[in-house]
>>> print(open('start-v3.txt').read())   # compact mmCIF, C-alpha atoms
# COMPACT_ATOMS: atom_id res chain seq x y z
CA MET K 1 145.82 33.86 200.87
CA ASN K 2 143.35 34.85 198.14
CA ASN K 3 142.38 37.95 200.15
CA TYR K 4 146.06 38.93 200.47
CA LEU K 5 146.63 38.75 196.68
CA GLN K 6 143.63 40.94 195.89
CA ASN K 7 144.82 43.69 198.25
CA GLU K 8 146.26 46.51 196.08
CA LYS K 9 147.59 48.67 198.89
CA GLY K 10 151.20 49.70 198.24
CA THR K 11 151.08 49.08 194.47
CA ALA K 12 151.56 52.77 193.77
CA LEU K 13 154.66 52.79 195.99
CA ILE K 14 156.22 49.89 194.12
CA ILE K 15 155.48 51.46 190.72
CA ALA K 16 156.90 54.80 191.93
CA MET K 17 160.07 53.05 193.16
CA ILE K 18 160.54 51.32 189.78
CA PHE K 19 160.16 54.64 187.91
CA LEU K 20 162.48 56.36 190.38
CA GLY K 21 165.13 53.70 189.75
CA LEU K 22 164.68 54.02 186.00
CA LEU K 23 164.93 57.82 186.06
CA THR K 24 167.99 57.68 188.34
CA THR K 25 169.71 55.33 185.87
CA ILE K 26 168.90 57.67 182.97
CA GLY K 27 170.21 60.63 185.00
CA PHE K 28 173.52 58.89 185.76
CA TYR K 29 173.91 58.02 182.09
CA ALA K 30 173.28 61.64 181.08
CA ILE K 31 175.86 62.92 183.58
CA PHE K 32 178.45 60.38 182.44
CA ASN K 33 177.79 61.13 178.77
CA SER K 34 178.02 64.92 179.19
CA SER K 35 181.26 64.72 181.20
CA THR K 36 182.75 62.49 178.49
CA GLU K 37 181.69 65.00 175.84
CA LEU K 38 183.22 67.88 177.81
CA THR K 39 186.51 66.03 178.16
CA SER K 40 186.54 65.20 174.46
CA SER K 41 185.73 68.79 173.54
CA ALA K 42 188.51 70.17 175.74
CA ARG K 43 191.03 67.76 174.18
CA TYR K 44 189.91 68.76 170.68
CA LYS K 45 190.31 72.45 171.57
CA SER K 46 193.83 71.86 172.92
CA ASP K 47 194.80 69.90 169.80
CA LYS K 48 193.56 72.70 167.57
CA GLU K 49 195.37 75.38 169.61
CA ALA K 50 198.65 73.48 169.29
CA PHE K 51 198.08 72.84 165.57
CA TYR K 52 197.37 76.49 164.82
CA ALA K 53 200.34 77.62 166.91
CA ALA K 54 202.66 75.39 164.84
CA GLU K 55 201.04 76.39 161.54
CA GLY K 56 201.19 80.07 162.48
CA ALA K 57 204.89 79.77 163.28
CA ILE K 58 205.57 78.13 159.92
CA GLU K 59 203.68 80.86 158.08
CA TYR K 60 205.50 83.56 160.04
CA VAL K 61 208.90 82.04 159.32
CA LYS K 62 208.11 81.56 155.62
CA GLY K 63 207.42 85.28 155.29
CA ASP K 64 210.57 86.31 157.16
CA GLY K 65 213.69 86.33 154.99
CA TYR K 66 215.95 86.41 158.07
CA TYR K 67 215.67 82.65 158.56
CA PHE K 68 216.71 81.83 155.00
CA THR K 69 220.09 83.56 155.10
CA THR K 70 221.77 80.53 156.65
CA LYS K 71 223.37 77.44 155.16
CA THR K 72 222.93 75.48 158.41
CA THR K 73 220.10 75.23 160.94
CA MET K 74 218.51 78.26 162.58
CA ASN K 75 216.17 77.91 165.57
CA PHE K 76 213.12 80.06 166.16
CA PRO K 77 212.12 82.10 167.98
CA ASP K 78 215.53 83.72 167.88
CA ALA K 79 216.55 86.17 170.60
CA ALA K 80 218.97 87.80 168.15
CA HIS K 81 216.28 88.44 165.53
CA PRO K 82 216.21 92.12 164.52
CA THR K 83 212.38 92.22 164.73
CA VAL K 84 211.14 92.25 168.34
CA ALA K 85 207.92 90.41 167.42
CA ALA K 86 209.94 87.45 166.12
CA GLN K 87 211.83 87.04 169.39
CA ASP K 88 208.77 85.50 171.08
CA LEU K 89 206.11 83.48 169.21
CA SER K 90 203.78 82.91 172.17
CA ALA K 91 200.23 84.28 172.12
CA ALA K 92 197.15 83.74 174.31
CA GLY K 93 198.80 80.92 176.25
CA THR K 94 200.08 79.03 173.21
CA ASP K 95 203.72 78.84 172.17
CA ALA K 96 205.66 77.78 169.10
CA THR K 97 209.27 76.76 168.63
CA GLY K 98 211.17 75.10 165.83
CA ALA K 99 214.00 75.22 163.37
CA VAL K 100 214.72 76.08 159.76
CA THR K 101 217.22 73.68 158.23
CA PHE K 102 219.05 74.30 154.96
CA THR K 103 219.09 71.09 152.91
CA THR K 104 220.56 71.91 149.50
CA SER K 105 220.62 74.38 146.64
CA GLY K 106 220.19 73.86 142.94
CA ASN K 107 217.76 74.39 140.11
CA PRO K 108 214.28 75.76 140.86
CA PRO K 109 211.49 73.21 141.28
CA PRO K 110 209.89 72.14 138.01
CA GLY K 111 206.63 73.81 137.09
CA TYR K 112 207.31 77.12 138.84
CA GLY K 113 208.00 78.96 135.59
CA PHE K 114 211.57 79.96 136.43
CA SER K 115 214.45 79.27 134.10
CA ALA K 116 217.33 77.23 135.50
CA LYS K 117 219.79 79.44 133.60
CA ASP K 118 218.53 82.63 135.28
CA THR K 119 217.57 81.47 138.77
CA MET K 120 218.65 79.10 141.50
CA ALA K 121 216.82 77.73 144.54
CA SER K 122 217.80 77.10 148.13
CA TYR K 123 215.80 74.33 149.75
CA PHE K 124 214.84 74.40 153.42
CA VAL K 125 212.79 72.29 155.84
CA ILE K 126 210.82 74.06 158.57
CA ASN K 127 209.94 72.05 161.69
CA ALA K 128 207.58 73.71 164.17
CA THR K 129 206.19 72.50 167.49
CA GLY K 130 203.07 74.22 168.75
CA THR K 131 202.11 73.95 172.43
CA SER K 132 198.59 74.71 173.69
CA GLN K 133 197.59 76.23 177.02
CA ALA K 134 196.96 72.71 178.35
CA GLY K 135 200.44 71.52 177.30
CA VAL K 136 199.32 69.52 174.25
CA GLN K 137 201.94 69.58 171.49
CA ASN K 138 201.56 69.37 167.72
CA ILE K 139 204.50 69.02 165.35
CA GLN K 140 204.34 70.30 161.77
CA GLU K 141 206.94 70.11 159.02
CA GLU K 142 207.08 71.83 155.66
CA GLY K 143 209.66 71.93 152.89
CA ILE K 144 210.09 75.11 150.89
CA ALA K 145 212.28 76.47 148.13
CA LYS K 146 213.49 80.07 148.04
CA ILE K 147 214.10 81.07 144.43
CA LEU K 148 216.70 83.75 143.76
CA PRO K 149 218.22 85.21 140.60
CA LYS K 150 221.68 83.99 139.74
CA SER K 151 224.33 86.65 140.13
>>> encode(input="start-v3.txt", output="C-alpha cells")
Amino acid sequence: MNNYLQNEKGTALIIAMIFLGLLTTIGFYAIFNSSTELTSSARYKSDKEAFYAAEGAIEYVKGDGYYFTTKTTMNFPDAAHPTVAAQDLSAAGTDATGAVTFTTSGNPPPGYGFSAKDTMASYFVINATGTSQAGVQNIQEEGIAKILPKS
C-alpha cells in the first residue's frame, strides 16, 4: 500500500483535469455575462429610440402652429396637414403618434413678462407615444401655453 501511495504517475492528468474544469466554468460564466450585457444593451437602445421619437414629435408639434388652431383634440400625424413632412413622423424604423388637446384659455402664465391686459394664452397638453424598431414604446406628455395678443 505504501508503494502505491508514493507512485506519482497520473498526477499531471488529475491536475490538468481540475484546471480544465475551472477554465470551463470561467468560460461559461463569461459567455452568460456577455449575453446578458448584450440583451441589456439592446433594451437600453430600444428605450432610447422610443424616448427620442416621442420627444422629437413633441418638439415638432410645438413648432407647428397648425396643431394649436383647435379648441378640441387634434391627433398627429395628421393626413390632412398642409405640410407633407408632418403627415408621417416615422424615421429610421421609429414612429411617433399622439394628440394635442386644448385645455383652457386665460391669462398668460406668471413670470413670462406678458401683460394680462394685452395678451391671452391658450393652454394645451401634448401626449406623444414613440415606438422603436423593436416595438418598445415610450409615452411623453408636456403642457404648453401659446400666448397671443388680444384683439
>>> closest_residue(input="start-v3.txt", among="K:Ile15, K:Val125, K:Ala99, K:Ala92", to="Asp78 (chain K)", atoms="only C-alpha atoms")
K:Ala99
>>> residues_around(input="start-v3.txt", residues="Phe76 (chain K)", least_positions_apart="2", cutoff="9 Å", atoms="all atoms listed in the file", output="PyMOL selection string")
chain K and resi 57+61+67+74+78-79+81+86-89+96-100+128
>>> write_last_selection(input="start-v3.txt", atoms="C-alpha atoms", output="PDB file, keeping the file's coordinate frame")
ATOM      1  CA  ALA K  57     204.890  79.770 163.280  1.00  0.00           C
ATOM      2  CA  VAL K  61     208.900  82.040 159.320  1.00  0.00           C
ATOM      3  CA  TYR K  67     215.670  82.650 158.560  1.00  0.00           C
ATOM      4  CA  MET K  74     218.510  78.260 162.580  1.00  0.00           C
ATOM      5  CA  ASP K  78     215.530  83.720 167.880  1.00  0.00           C
ATOM      6  CA  ALA K  79     216.550  86.170 170.600  1.00  0.00           C
ATOM      7  CA  HIS K  81     216.280  88.440 165.530  1.00  0.00           C
ATOM      8  CA  ALA K  86     209.940  87.450 166.120  1.00  0.00           C
ATOM      9  CA  GLN K  87     211.830  87.040 169.390  1.00  0.00           C
ATOM     10  CA  ASP K  88     208.770  85.500 171.080  1.00  0.00           C
ATOM     11  CA  LEU K  89     206.110  83.480 169.210  1.00  0.00           C
ATOM     12  CA  ALA K  96     205.660  77.780 169.100  1.00  0.00           C
ATOM     13  CA  THR K  97     209.270  76.760 168.630  1.00  0.00           C
ATOM     14  CA  GLY K  98     211.170  75.100 165.830  1.00  0.00           C
ATOM     15  CA  ALA K  99     214.000  75.220 163.370  1.00  0.00           C
ATOM     16  CA  VAL K 100     214.720  76.080 159.760  1.00  0.00           C
ATOM     17  CA  ALA K 128     207.580  73.710 164.170  1.00  0.00           C
TER      18      ALA K 128
END
>>> closest_residue(input="start-v3.txt", among="K:Gly21, K:Gly93, K:Gly106, K:Gly130", to="Tyr52 (chain K)", atoms="only C-alpha atoms")
K:Gly130
>>> atom_distance(input="start-v3.txt", atom1="CA of Ala30 (chain K)", atom2="CA of Ile14 (chain K)")
24.5 Å
>>> residues_around(input="start-v3.txt", residues="Thr72 (chain K)", least_positions_apart="4", cutoff="9 Å", atoms="all atoms listed in the file", output="list of chain:residue names")
K:Val100, K:Thr101, K:Phe102, K:Thr103
>>> write_last_selection(input="start-v3.txt", atoms="C-alpha atoms", output="PDB file, in the frame of the given file")
ATOM      1  CA  VAL K 100     214.720  76.080 159.760  1.00  0.00           C
ATOM      2  CA  THR K 101     217.220  73.680 158.230  1.00  0.00           C
ATOM      3  CA  PHE K 102     219.050  74.300 154.960  1.00  0.00           C
ATOM      4  CA  THR K 103     219.090  71.090 152.910  1.00  0.00           C
TER       5      THR K 103
END
>>> residues_near_point(input="start-v3.txt", point="(201.8, 71.5, 167.2)", cutoff="10 Å", atoms="only C-alpha atoms", output="list of chain:residue names")
K:Ser46, K:Asp47, K:Lys48, K:Glu49, K:Ala50, K:Phe51, K:Tyr52, K:Ala53, K:Ala54, K:Glu55, K:Gly56, K:Ala57, K:Thr94, K:Asp95, K:Ala96, K:Thr97, K:Asn127, K:Ala128, K:Thr129, K:Gly130, K:Thr131, K:Ser132, K:Val136, K:Gln137, K:Asn138, K:Ile139, K:Gln140, K:Glu141
>>> build_atoms(input="start-v3.txt", residues="region 108-132 of chain K", atoms="N, CA and C atoms", output="compact mmCIF listing (two decimals), keeping the file's coordinate frame")
# COMPACT_ATOMS: atom_id res chain seq x y z
N PRO K 108 215.62 75.55 140.29
CA PRO K 108 214.28 75.76 140.86
C PRO K 108 213.40 74.53 140.64
N PRO K 109 212.38 74.36 141.45
CA PRO K 109 211.49 73.21 141.28
C PRO K 109 210.79 73.27 139.92
N PRO K 110 210.57 72.13 139.31
CA PRO K 110 209.89 72.14 138.01
C PRO K 110 208.45 72.63 138.14
N GLY K 111 208.00 73.34 137.12
CA GLY K 111 206.63 73.81 137.09
C GLY K 111 206.42 75.17 137.72
N TYR K 112 207.46 75.81 138.22
CA TYR K 112 207.31 77.12 138.84
C TYR K 112 207.48 78.26 137.83
N GLY K 113 207.89 77.95 136.62
CA GLY K 113 208.00 78.96 135.59
C GLY K 113 209.30 79.75 135.62
N PHE K 114 210.28 79.27 136.36
CA PHE K 114 211.57 79.96 136.43
C PHE K 114 212.59 79.17 135.62
N SER K 115 213.42 79.89 134.92
CA SER K 115 214.45 79.27 134.10
C SER K 115 215.64 78.88 134.98
N ALA K 116 216.17 77.70 134.75
CA ALA K 116 217.33 77.23 135.50
C ALA K 116 218.58 78.02 135.14
N LYS K 117 218.61 78.65 133.96
CA LYS K 117 219.79 79.44 133.60
C LYS K 117 219.80 80.81 134.26
N ASP K 118 218.61 81.31 134.68
CA ASP K 118 218.53 82.63 135.28
C ASP K 118 218.36 82.62 136.80
N THR K 119 217.87 81.51 137.33
CA THR K 119 217.57 81.47 138.77
C THR K 119 218.14 80.21 139.41
N MET K 120 218.25 80.27 140.72
CA MET K 120 218.65 79.10 141.50
C MET K 120 217.73 79.04 142.72
N ALA K 121 217.70 77.90 143.37
CA ALA K 121 216.82 77.73 144.54
C ALA K 121 217.61 77.18 145.71
N SER K 122 217.29 77.67 146.89
CA SER K 122 217.80 77.10 148.13
C SER K 122 216.63 76.38 148.78
N TYR K 123 216.86 75.16 149.18
CA TYR K 123 215.80 74.33 149.75
C TYR K 123 215.96 74.24 151.27
N PHE K 124 214.85 74.41 151.96
CA PHE K 124 214.84 74.40 153.42
C PHE K 124 213.70 73.51 153.92
N VAL K 125 213.86 73.01 155.15
CA VAL K 125 212.79 72.29 155.84
C VAL K 125 212.51 73.05 157.13
N ILE K 126 211.24 73.36 157.35
CA ILE K 126 210.82 74.06 158.57
C ILE K 126 210.10 73.06 159.46
N ASN K 127 210.60 72.88 160.67
CA ASN K 127 209.94 72.05 161.69
C ASN K 127 209.43 72.99 162.77
N ALA K 128 208.16 72.86 163.13
CA ALA K 128 207.58 73.71 164.17
C ALA K 128 206.80 72.84 165.15
N THR K 129 206.94 73.17 166.44
CA THR K 129 206.19 72.50 167.49
C THR K 129 205.32 73.54 168.17
N GLY K 130 204.02 73.34 168.08
CA GLY K 130 203.07 74.22 168.75
C GLY K 130 202.65 73.60 170.07
N THR K 131 202.52 74.42 171.11
CA THR K 131 202.11 73.95 172.43
C THR K 131 200.89 74.75 172.86
N SER K 132 199.83 74.04 173.26
CA SER K 132 198.59 74.71 173.69
C SER K 132 198.68 75.12 175.15
